[in-house]
Each structure stands twice: as structure tokens, then as C-alpha cells.
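Listing of input21.cif, mmCIF, C-alpha atoms
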```cif
data_upload
#
loop_
_atom_site.label_atom_id
_atom_site.label_comp_id
_atom_site.auth_asym_id
_atom_site.auth_seq_id
_atom_site.Cartn_x
_atom_site.Cartn_y
_atom_site.Cartn_z
CA MET A 1 -9.57 -89.63 14.08
CA ARG A 2 -9.28 -92.40 16.67
CA SER A 3 -6.75 -90.90 19.08
CA LYS A 4 -6.34 -93.63 21.72
CA ILE A 5 -5.05 -96.83 20.18
CA SER A 6 -4.43 -100.13 21.97
CA VAL A 7 -2.26 -102.68 20.14
CA ILE A 8 -2.15 -106.42 20.89
CA PRO A 9 0.85 -107.94 19.06
CA ASN A 10 1.37 -111.66 18.63
CA THR A 11 5.00 -111.80 19.68
CA THR A 12 5.50 -115.21 18.06
CA LYS A 13 5.19 -113.48 14.66
CA ASN A 14 7.95 -111.53 12.92
CA LEU A 15 7.24 -107.95 13.99
CA SER A 16 10.75 -106.66 13.31
CA GLY A 17 10.34 -106.02 9.58
CA GLU A 18 9.93 -102.69 7.84
CA ASP A 19 6.17 -103.13 7.34
CA ALA A 20 5.65 -103.51 11.09
CA LYS A 21 7.80 -100.47 11.81
CA LYS A 22 5.87 -98.39 9.24
CA LEU A 23 2.59 -99.51 10.80
CA PHE A 24 3.68 -98.37 14.26
CA SER A 25 4.93 -95.09 12.81
CA LEU A 26 1.48 -94.51 11.28
CA LEU A 27 -0.32 -95.39 14.52
CA LEU A 28 1.95 -93.15 16.59
CA SER A 29 1.30 -90.25 14.22
CA ALA A 30 -2.45 -90.75 14.68
CA GLY A 31 -2.57 -90.69 18.48
CA SER A 32 -1.42 -92.34 21.69
CA VAL A 33 -0.42 -96.00 21.39
CA ALA A 34 -0.50 -98.51 24.28
CA LEU A 35 0.81 -102.08 24.22
CA PRO A 36 0.97 -104.96 26.74
CA GLU A 37 3.87 -104.69 29.17
CA GLU A 38 5.12 -108.17 28.28
CA SER A 39 5.63 -107.19 24.61
CA ARG A 40 8.24 -104.51 25.38
CA SER A 41 11.27 -106.75 24.82
CA PHE A 42 9.93 -107.95 21.43
CA LEU A 43 9.59 -104.42 20.01
CA PRO A 44 12.88 -102.66 20.82
CA TYR A 45 12.40 -100.12 18.02
CA LEU A 46 9.54 -98.56 20.01
CA GLU A 47 11.90 -97.50 22.80
CA GLY A 48 12.29 -93.74 22.70
CA THR A 49 8.92 -93.26 20.97
CA ASP A 50 5.66 -92.13 22.58
CA ALA A 51 4.39 -95.72 22.79
CA VAL A 52 3.58 -96.86 26.33
CA PHE A 53 3.60 -100.40 27.76
CA LEU A 54 0.89 -101.16 30.30
CA PRO A 55 -0.51 -104.09 32.31
CA GLU A 56 -3.72 -105.51 30.82
CA ASP A 57 -5.97 -103.95 33.47
CA LYS A 58 -4.84 -100.52 32.22
CA LEU A 59 -4.24 -101.28 28.54
CA PHE A 60 -7.76 -100.63 27.27
CA GLU A 61 -8.81 -97.70 29.48
CA GLY A 62 -10.32 -95.03 27.24
CA ALA A 63 -9.20 -96.79 24.04
CA ASP A 64 -11.00 -95.85 20.81
CA VAL A 65 -9.78 -98.85 18.81
CA ILE A 66 -7.80 -102.06 19.23
CA PHE A 67 -5.36 -103.25 16.55
CA VAL A 68 -4.43 -106.94 16.72
CA LEU A 69 -1.20 -107.89 14.97
CA GLY A 70 -1.21 -111.57 14.02
CA GLY A 71 -3.48 -114.10 12.34
CA ASP A 72 -7.03 -115.28 12.93
CA GLY A 73 -6.06 -117.05 16.15
CA SER A 74 -4.70 -113.78 17.49
CA VAL A 75 -8.00 -112.00 16.74
CA ILE A 76 -10.03 -114.77 18.40
CA ASP A 77 -7.82 -114.67 21.49
CA ALA A 78 -8.02 -110.87 21.65
CA ALA A 79 -11.81 -110.95 21.28
CA ARG A 80 -12.13 -113.25 24.28
CA ARG A 81 -9.96 -110.88 26.33
CA THR A 82 -11.43 -107.55 25.23
CA ALA A 83 -15.10 -108.03 24.24
CA LYS A 84 -16.24 -107.00 27.73
CA TYR A 85 -14.81 -103.50 27.11
CA GLY A 86 -16.95 -102.91 23.99
CA ILE A 87 -14.03 -101.42 22.02
CA PRO A 88 -14.01 -101.84 18.22
CA MET A 89 -11.25 -104.18 17.06
CA THR A 90 -9.47 -104.89 13.80
CA GLY A 91 -6.71 -107.30 12.78
CA VAL A 92 -3.56 -106.76 10.73
CA ASN A 93 -2.59 -110.06 9.13
CA PHE A 94 0.84 -111.35 10.12
CA GLY A 95 -0.48 -114.92 9.79
CA THR A 96 -1.39 -117.22 6.89
CA VAL A 97 -5.06 -116.98 5.90
CA GLY A 98 -6.14 -113.89 7.78
CA TYR A 99 -9.89 -114.34 7.38
CA LEU A 100 -10.64 -112.28 10.48
CA SER A 101 -7.46 -110.20 10.13
CA GLU A 102 -8.65 -108.33 7.04
CA ILE A 103 -5.86 -105.76 6.78
CA GLU A 104 -2.77 -107.04 5.02
CA ILE A 105 0.72 -105.94 6.06
CA GLY A 106 1.61 -102.69 4.32
CA ASP A 107 -2.00 -101.73 3.52
CA VAL A 108 -1.63 -98.15 4.72
CA GLU A 109 -4.81 -96.91 3.06
CA THR A 110 -7.05 -99.33 4.96
CA VAL A 111 -5.30 -98.60 8.28
CA GLU A 112 -5.96 -94.90 7.71
CA ARG A 113 -9.65 -95.59 6.95
CA VAL A 114 -9.92 -97.43 10.27
CA LEU A 115 -8.18 -94.63 12.14
CA PHE A 116 -10.50 -92.02 10.66
CA GLY A 117 -13.58 -94.06 11.61
CA CYS A 118 -14.61 -94.66 7.99
CA CYS A 119 -15.31 -98.39 8.38
CA PRO A 120 -18.53 -99.99 9.65
CA ILE A 121 -18.53 -101.98 12.88
CA GLU A 122 -20.21 -105.38 13.12
CA ASN A 123 -21.44 -106.92 16.36
CA ARG A 124 -20.41 -110.58 16.26
CA VAL A 125 -22.31 -113.19 18.27
CA MET A 126 -20.39 -114.97 21.04
CA LEU A 127 -21.25 -118.11 23.01
CA ASP A 128 -21.54 -118.70 26.73
CA ILE A 129 -20.80 -122.33 27.56
CA GLU A 130 -21.99 -123.32 31.03
CA ILE A 131 -20.40 -126.49 32.39
CA GLU A 132 -22.10 -128.18 35.34
CA ASN A 133 -20.60 -131.23 37.02
CA ARG A 134 -23.65 -132.92 38.50
CA ARG A 135 -21.49 -135.10 40.71
CA SER A 136 -19.61 -132.28 42.45
CA GLY A 137 -22.07 -129.44 41.84
CA GLU A 138 -19.32 -127.26 40.38
CA VAL A 139 -20.42 -124.81 37.66
CA ARG A 140 -18.24 -122.65 35.44
CA THR A 141 -18.79 -120.64 32.26
CA LEU A 142 -16.55 -120.16 29.22
CA THR A 143 -17.05 -117.61 26.44
CA ALA A 144 -16.16 -118.20 22.80
CA LEU A 145 -16.22 -116.22 19.56
CA ASN A 146 -15.90 -119.19 17.18
CA GLU A 147 -17.17 -122.42 18.68
CA ALA A 148 -17.62 -124.95 21.42
CA LEU A 149 -16.20 -128.34 20.45
CA LEU A 150 -16.74 -131.78 21.93
CA THR A 151 -14.13 -134.34 20.94
CA ASN A 152 -12.28 -137.34 22.36
CA GLY A 153 -8.92 -139.07 22.25
CA PRO A 154 -6.18 -140.11 22.07
CA ILE A 155 -7.60 -142.13 19.15
CA THR A 156 -10.94 -140.77 17.99
CA ARG A 157 -13.95 -142.99 18.68
CA LEU A 158 -17.71 -142.60 18.49
CA MET A 159 -19.43 -140.50 21.14
CA ASP A 160 -23.08 -140.40 22.17
CA ILE A 161 -24.49 -136.97 23.02
CA GLU A 162 -28.10 -136.28 24.03
CA LEU A 163 -29.08 -132.91 22.60
CA MET A 164 -32.02 -130.71 23.61
CA CYS A 165 -33.03 -127.23 22.46
CA ASP A 166 -35.24 -125.00 24.60
CA GLY A 167 -36.36 -128.04 26.58
CA VAL A 168 -37.29 -130.10 23.52
CA THR A 169 -35.37 -133.26 22.65
CA VAL A 170 -33.55 -132.88 19.32
CA ASP A 171 -31.72 -136.18 18.94
CA VAL A 172 -28.99 -138.44 20.22
CA CYS A 173 -25.95 -137.49 18.20
CA ARG A 174 -23.59 -140.40 17.46
CA ALA A 175 -20.39 -139.03 15.98
CA ASN A 176 -16.69 -138.47 16.58
CA GLY A 177 -17.47 -135.02 17.94
CA LEU A 178 -19.83 -132.08 17.84
CA VAL A 179 -19.27 -128.42 16.94
CA ILE A 180 -21.56 -125.62 18.10
CA ALA A 181 -20.45 -122.60 16.09
CA THR A 182 -21.34 -118.94 15.83
CA PRO A 183 -21.72 -117.43 12.34
CA THR A 184 -18.17 -116.07 12.73
CA GLY A 185 -16.96 -119.57 13.58
CA SER A 186 -18.83 -121.19 10.70
CA THR A 187 -15.72 -120.84 8.50
CA GLY A 188 -13.55 -122.65 11.06
CA TYR A 189 -13.81 -126.18 12.43
CA SER A 190 -17.52 -126.37 11.56
CA MET A 191 -16.88 -125.80 7.85
CA SER A 192 -14.09 -128.40 7.87
CA ALA A 193 -16.57 -130.88 9.36
CA GLY A 194 -19.09 -130.21 6.57
CA GLY A 195 -21.09 -127.39 8.14
CA PRO A 196 -22.49 -124.43 6.14
CA VAL A 197 -20.77 -121.07 5.67
CA LEU A 198 -22.86 -118.37 7.36
CA ASP A 199 -22.91 -114.62 6.96
CA PRO A 200 -21.24 -113.46 10.21
CA ARG A 201 -23.91 -110.79 10.73
CA LEU A 202 -26.61 -113.42 11.29
CA ASP A 203 -28.04 -114.10 14.74
CA CYS A 204 -27.99 -117.89 14.87
CA LEU A 205 -26.13 -120.99 16.07
CA CYS A 206 -24.81 -123.79 13.87
CA ILE A 207 -24.65 -127.39 15.14
CA THR A 208 -22.33 -129.67 13.13
CA PRO A 209 -21.63 -133.34 13.94
CA VAL A 210 -18.06 -134.47 13.22
CA CYS A 211 -17.97 -137.69 11.15
CA SER A 212 -21.50 -138.74 12.12
CA HIS A 213 -22.28 -142.45 12.33
CA LEU A 214 -26.00 -141.83 11.76
CA LEU A 215 -27.32 -140.51 8.43
CA ARG A 216 -29.94 -138.46 10.27
CA ASN A 217 -27.26 -136.47 12.18
CA ARG A 218 -26.88 -133.53 9.79
CA PRO A 219 -25.70 -129.94 10.41
CA PHE A 220 -28.56 -127.61 11.30
CA ILE A 221 -29.12 -123.94 12.13
CA LEU A 222 -30.96 -122.60 15.18
CA ASN A 223 -32.26 -119.17 16.08
CA GLY A 224 -29.71 -117.16 18.05
CA SER A 225 -31.99 -117.02 21.11
CA SER A 226 -31.99 -120.82 21.43
CA GLU A 227 -30.53 -122.54 24.48
CA LEU A 228 -28.87 -125.89 23.89
CA GLU A 229 -28.52 -128.58 26.54
CA LEU A 230 -26.09 -131.48 26.14
CA SER A 231 -26.14 -134.40 28.54
CA ASN A 232 -25.21 -138.09 28.94
CA ILE A 233 -22.07 -137.48 26.94
CA ARG A 234 -20.38 -140.86 26.61
CA CYS A 235 -17.42 -142.40 24.80
CA GLU A 236 -16.43 -145.93 25.76
CA GLY A 237 -12.73 -146.29 26.52
CA ASN A 238 -11.78 -142.68 25.69
CA THR A 239 -11.38 -139.34 27.42
CA ILE A 240 -13.88 -136.65 26.36
CA TYR A 241 -12.80 -133.03 25.97
CA LEU A 242 -14.67 -129.75 25.70
CA SER A 243 -12.84 -126.81 24.17
CA ALA A 244 -13.84 -123.18 23.65
CA ASP A 245 -12.17 -121.60 20.61
CA GLY A 246 -9.44 -124.23 20.92
CA ARG A 247 -8.03 -122.43 23.96
CA ASP A 248 -9.87 -123.46 27.11
CA VAL A 249 -9.81 -127.26 27.16
CA LEU A 250 -11.62 -129.23 29.87
CA GLU A 251 -11.87 -132.96 30.47
CA ILE A 252 -15.49 -133.97 31.00
CA ASP A 253 -17.51 -137.16 31.54
CA SER A 254 -21.09 -138.44 31.59
CA SER A 255 -21.82 -136.46 34.77
CA THR A 256 -21.21 -133.20 32.90
CA PHE A 257 -24.24 -131.17 31.82
CA LEU A 258 -23.67 -128.41 29.25
CA ARG A 259 -25.76 -125.37 28.39
CA VAL A 260 -24.76 -123.31 25.35
CA ARG A 261 -26.43 -120.02 24.57
CA ARG A 262 -25.76 -116.69 22.92
CA SER A 263 -23.68 -114.49 25.18
CA GLU A 264 -24.77 -111.02 26.21
CA THR A 265 -21.24 -109.98 25.27
CA VAL A 266 -20.47 -109.32 21.61
CA THR A 267 -17.25 -108.76 19.70
CA ARG A 268 -17.25 -105.39 17.93
CA LEU A 269 -15.28 -106.16 14.78
CA ILE A 270 -14.39 -103.41 12.33
CA ARG A 271 -15.24 -104.35 8.74
CA ALA A 272 -12.11 -102.94 7.14
CA LYS A 273 -12.76 -103.95 3.53
CA GLU A 274 -15.52 -102.31 1.51
CA ASP A 275 -16.57 -105.52 -0.27
CA GLY A 276 -17.72 -107.05 3.01
CA PHE A 277 -18.13 -110.69 3.97
CA LEU A 278 -18.42 -112.09 0.43
CA GLY A 279 -15.33 -110.25 -0.80
CA VAL A 280 -13.24 -111.53 2.11
CA LEU A 281 -14.62 -115.04 1.56
CA ASN A 282 -13.59 -114.93 -2.09
CA ARG A 283 -10.10 -113.56 -1.44
CA LYS A 284 -9.22 -115.58 1.63
CA MET A 285 -11.08 -118.86 1.18
CA TRP A 286 -12.13 -119.66 -2.38
CA ALA A 287 -8.99 -118.19 -3.98
CA GLN A 288 -6.59 -120.33 -1.91
CA LYS A 289 -4.17 -122.42 -3.99
#
```
Using the file provided, produce a representation of the structure as C-alpha cells.
Amino acid sequence: MRSKISVIPNTTKNLSGEDAKKLFSLLLSAGSVALPEESRSFLPYLEGTDAVFLPEDKLFEGADVIFVLGGDGSVIDAARRTAKYGIPMTGVNFGTVGYLSEIEIGDVETVERVLFGCCPIENRVMLDIEIENRRSGEVRTLTALNEALLTNGPITRLMDIELMCDGVTVDVCRANGLVIATPTGSTGYSMSAGGPVLDPRLDCLCITPVCSHLLRNRPFILNGSSELELSNIRCEGNTIYLSADGRDVLEIDSSTFLRVRRSETVTRLIRAKEDGFLGVLNRKMWAQK
């Protein structure tokens, strides 16, 4: 039994219903439950219980498992915050699709399987995105579970991006944008842009142009140990943006040099359903109306 449970609730979701209350009752019966301090006012029914509210620097100390209450965006955000702790994580779907949040509201049996440690844990590849401004010399690094995205606006126009892999020139990509996705992120923006669906257990990177202007600019897959370099990123008359998982958004220009590689940090995601990746794909993606 997993006795120390950290819970990250998305407080923009409706967590006041009976299913949410039953879930917390089950978690509290299984062990100690800790939540972020800022969520206290959104969960008044936990007052008087054994649940504790802690600042984030204390929230994950000694935790055996992390439950994320929300949708896929909530799981991605939680992964970026918690991957460094190496704690297995699972999502309970209070969102719409719930591709990463495998457990549906009210699915007590699956929650119990997670709590008893009966579910396998998958290590999901993450990206490190190193941004170097060659004019100022400033360097910073972002980490993403899903993807790095280059785009432009306010009205989308063609961009030119020089792309190299492990020191070898790949091509000049001419497109409205470029997605560099992990296998986990292959079912996100990359898939919408025409990229392939990848088994999330693979160790690889997927590069997908967005609305390419050149027929030769096709999606392609690279070994997970590859290091990508993007330079001379240009878009006449428009502002260029780099985003990591749609959260961190930076304005960049032609003086920006990007390196994208597999991170040493992984997200430990609990595979809650027994039918694995293909079963979730069928239920959540192909079966959508």
C-alpha cells in the first residue's frame, strides 16, 4: 500500500462533487494525504480530516505516489514540476479527453490498484531546450514532457529554420512552425500537424513541420540520443515564439540558437489501465465522436 500520497488538484475544475469527495475519502483511508497550501480554500470539505496543506517545497517529501486531479494539461504541468523528485504519478480525469489522465472519475477499482502498487510504471522521455542568445550571451534551459514548438504571429507566416542533428545539416525547414515532440507528446500538437503517433515507451524524438511550404519537409523520427540544433530562425514581418509544453513562451529572433536534446530527467507515469497504450488510444482518441 502506498501510504504517503501527494495530490495536485486543478482548482479550475469542479472538485466539489460527490465523486471527488469519495476519491479523497478513499485516499485518506489509504494513508497520509498532502495537498498544496493554495488549494485549501477550494476544498472546504477536507477541513477536519487528516489531509494536510503544505508549501510546494514540502509537498513531495517522502511521497510514494502523486495523484493529479484534472485533465491532460494538469498532468503535463505536474510532470514539469515534480519529475525531479522521481515520484510515480497518475492522473484522475476531471477534464475532457484525459489521454494522460487514465483514471476516470468514480473508478474506485483502478485507484485501489494504484494505491496497492499493482500498476506498472513507465519512464517517459522529456526534453531539455537550451536557448542561447548569441547577441547577449544569455543562456537558459526549459524542460518539457510533450514538445518544443516554434511558431509566429499575430498572423501566421512562413518561417525559415536551419536544422542540424549531431553536427550534420538536415535541411532548411520552410513552414508556419516546427514541433519537436517526445513520444508522449506525439498525440498532441505534433499529431494535429500531421506527425505520427508513437508508442510513449519509445526512446526517440519526432520532428514535425507545421504547414510546410516545401514538399521535402516531412515529419521524421530521430534516435533519442540525438541533439538537435536550430539556428537562423527567421520570419519576415512577424514575431517568433518558442514554447515548451504551451506554458513557457519566449520571444526569439535570428540571433537565438537552440539545442534540443533528451533530458536526464524522466516523468515516472503510472500505467493505470491494463490494456496499455493501444487501449487508451482506442478509448480516448479513435472512439471520439
task = Could you list the residues chosen by the PyMOL selection byres ((chain A and resi 21) around 12) in this structure as a list in words?
result = Asn14, Leu15, Ser16, Gly17, Glu18, Asp19, Ala20, Lys22, Leu23, Phe24, Ser25, Leu26, Leu27, Leu28, Leu43, Pro44, Tyr45, Leu46, Thr49, Ile105 and Gly106 of chain A
inquiry  = From the options A:Leu230, A:Val197, A:Met126, A:Leu142, which residue's atoms come nearest to Val170 in chain A, counting only C-alpha atoms?
reply    =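 Closest to Val170 in chain A of all the choices is A:Leu230.
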request  = List every protein, DNA or RNA residue that has an atom no more than 9 Å from (-9.5, -136.2, 27.7) in the file's coordinate frame, counting only C-alpha atoms, and report them as a list in words.
outcome  =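 Residues found, by chain and rising number: Thr151, Asn152, Gly153, Pro154, Asn238, Thr239, Ile240, Tyr241, Leu242, Val249, Leu250, Glu251, Ile252 and Asp253 of chain A.
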task = Convert the output of the PyMOL selection byres ((chain A and resi 221) around 7) on the shown file into explicit residues, formatted as a list in words.
result =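 On the file shown, the PyMOL selection byres ((chain A and resi 221) around 7) covers Cys204, Leu205, Cys206, Ile207, Phe220, Leu222 and Asn223 of chain A.
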query = Any chance you could work out the residue set of the PyMOL selection byres ((chain A and resi 90) around 12) here, as a VMD selection string?
reply = chain A and resid 5 to 9 64 to 72 74 to 76 78 to 79 82 87 to 89 91 to 93 98 to 104 110 to 111 113 to 115 117 119 to 122 267 to 273
ask   = Which is closer to Ala34 in chain A than all the others in A:Asn146, A:Ser190, A:Ser3, A:Ser231, using all atoms listed in the file?
value =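 The answer is A:Ser3, which sits nearest to Ala34 in chain A.
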ask   = For the point (-29.8, -123.4, 22.2) in file coordinates, what residues are within 8 Å, counting only C-alpha atoms? Give the answer as a PyMOL selection string?
value = chain A and resi 164-166+205+222-229+259-262
ask   = Just how far from CA of Ile129 in chain A is CA of Ile161 in chain A, in Å to one decimal?
value =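 Pair CA of Ile161 in chain A / CA of Ile129 in chain A returns 15.8 Å.
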message = When you count only C-alpha atoms, which of these residues is closest to Leu54 in chain A: A:Val168, A:Leu35, A:Leu258, A:Leu215?
response =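 That would be A:Leu35, the residue with the smallest distance to Leu54 in chain A.
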request  = Compare A:Leu278, A:Ala63, A:Ala30, A:Ala175 by their minimum atom-to-atom distance to Pro200 in chain A, counting all atoms listed in the file, and give me the closest one.
outcome  =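 So, comparing all the options, the nearest one is A:Leu278.
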Quick one: what's the axis-aligned box for range 268-282 of chain A, all listed atoms, 5 Å on every side, centre and edges in Å to one decimal, as AutoDock Vina command-line options?
```
--center_x -15.3 --center_y -108.7 --center_z 7.9 --size_x 16.3 --size_y 22.7 --size_z 30.0
```
Expected file content for range 96-107 of chain A, all heavy atoms, as a short mmCIF file (atom, residue, chain, number, x, y, z; two decimals), in the first residue's frame:
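Result written to out-v8.cif:
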```
data_model
loop_
_atom_site.label_atom_id
_atom_site.label_comp_id
_atom_site.auth_asym_id
_atom_site.auth_seq_id
_atom_site.Cartn_x
_atom_site.Cartn_y
_atom_site.Cartn_z
N THR A 96 -11.48 16.78 -20.33
CA THR A 96 -12.31 16.35 -21.47
C THR A 96 -11.82 15.03 -22.04
O THR A 96 -12.49 14.00 -21.90
CB THR A 96 -12.31 17.43 -22.57
OG1 THR A 96 -12.73 18.68 -21.99
CG2 THR A 96 -13.28 17.06 -23.68
N VAL A 97 -10.62 15.03 -22.66
CA VAL A 97 -10.13 13.81 -23.29
C VAL A 97 -9.51 12.88 -22.25
O VAL A 97 -9.87 11.72 -22.13
CB VAL A 97 -9.11 14.13 -24.40
CG1 VAL A 97 -8.55 12.85 -25.01
CG2 VAL A 97 -9.78 14.96 -25.49
N GLY A 98 -8.56 13.40 -21.50
CA GLY A 98 -7.94 12.57 -20.47
C GLY A 98 -7.07 11.47 -21.03
O GLY A 98 -7.13 10.33 -20.58
N TYR A 99 -6.23 11.80 -22.02
CA TYR A 99 -5.35 10.78 -22.60
C TYR A 99 -4.25 10.40 -21.62
O TYR A 99 -3.91 9.23 -21.47
CB TYR A 99 -4.76 11.30 -23.91
CG TYR A 99 -3.85 10.32 -24.59
CD1 TYR A 99 -4.36 9.11 -25.09
CD2 TYR A 99 -2.49 10.56 -24.73
CE1 TYR A 99 -3.53 8.19 -25.70
CE2 TYR A 99 -1.66 9.66 -25.35
CZ TYR A 99 -2.18 8.47 -25.83
OH TYR A 99 -1.35 7.56 -26.43
N LEU A 100 -3.69 11.38 -20.94
CA LEU A 100 -2.68 11.09 -19.92
C LEU A 100 -3.32 10.80 -18.58
O LEU A 100 -2.77 10.07 -17.76
CB LEU A 100 -1.72 12.28 -19.79
CG LEU A 100 -0.81 12.54 -21.00
CD1 LEU A 100 0.00 13.81 -20.78
CD2 LEU A 100 0.12 11.38 -21.25
N SER A 101 -4.48 11.41 -18.32
CA SER A 101 -5.23 11.14 -17.08
C SER A 101 -6.10 9.91 -17.31
O SER A 101 -7.27 10.01 -17.66
CB SER A 101 -6.10 12.34 -16.70
OG SER A 101 -5.32 13.50 -16.52
N GLU A 102 -5.53 8.74 -17.10
CA GLU A 102 -6.20 7.49 -17.49
C GLU A 102 -7.38 7.14 -16.59
O GLU A 102 -8.32 6.47 -17.03
CB GLU A 102 -5.21 6.33 -17.45
CG GLU A 102 -4.15 6.39 -18.54
CD GLU A 102 -3.30 5.13 -18.53
OE1 GLU A 102 -3.74 4.12 -17.96
OE2 GLU A 102 -2.21 5.17 -19.10
N ILE A 103 -7.33 7.53 -15.32
CA ILE A 103 -8.37 7.11 -14.38
C ILE A 103 -9.57 8.03 -14.50
O ILE A 103 -9.45 9.25 -14.35
CB ILE A 103 -7.84 7.12 -12.93
CG1 ILE A 103 -6.58 6.25 -12.82
CG2 ILE A 103 -8.91 6.62 -11.97
CD1 ILE A 103 -5.92 6.30 -11.47
N GLU A 104 -10.72 7.47 -14.77
CA GLU A 104 -11.93 8.28 -14.85
C GLU A 104 -12.52 8.51 -13.46
O GLU A 104 -12.32 7.72 -12.54
CB GLU A 104 -12.98 7.59 -15.74
CG GLU A 104 -12.55 7.44 -17.19
CD GLU A 104 -12.26 8.76 -17.88
OE1 GLU A 104 -12.91 9.77 -17.52
OE2 GLU A 104 -11.39 8.80 -18.77
N ILE A 105 -13.24 9.62 -13.32
CA ILE A 105 -13.87 9.95 -12.04
C ILE A 105 -14.78 8.80 -11.62
O ILE A 105 -15.57 8.28 -12.41
CB ILE A 105 -14.70 11.24 -12.17
CG1 ILE A 105 -13.84 12.39 -12.70
CG2 ILE A 105 -15.31 11.62 -10.83
CD1 ILE A 105 -14.63 13.61 -13.10
N GLY A 106 -14.66 8.37 -10.39
CA GLY A 106 -15.51 7.30 -9.87
C GLY A 106 -14.95 5.91 -10.08
O GLY A 106 -15.57 4.92 -9.64
N ASP A 107 -13.80 5.78 -10.74
CA ASP A 107 -13.20 4.46 -11.00
C ASP A 107 -12.41 4.01 -9.77
O ASP A 107 -11.17 4.07 -9.74
CB ASP A 107 -12.32 4.53 -12.24
CG ASP A 107 -11.79 3.17 -12.68
OD1 ASP A 107 -12.01 2.18 -11.95
OD2 ASP A 107 -11.15 3.10 -13.75
#
```
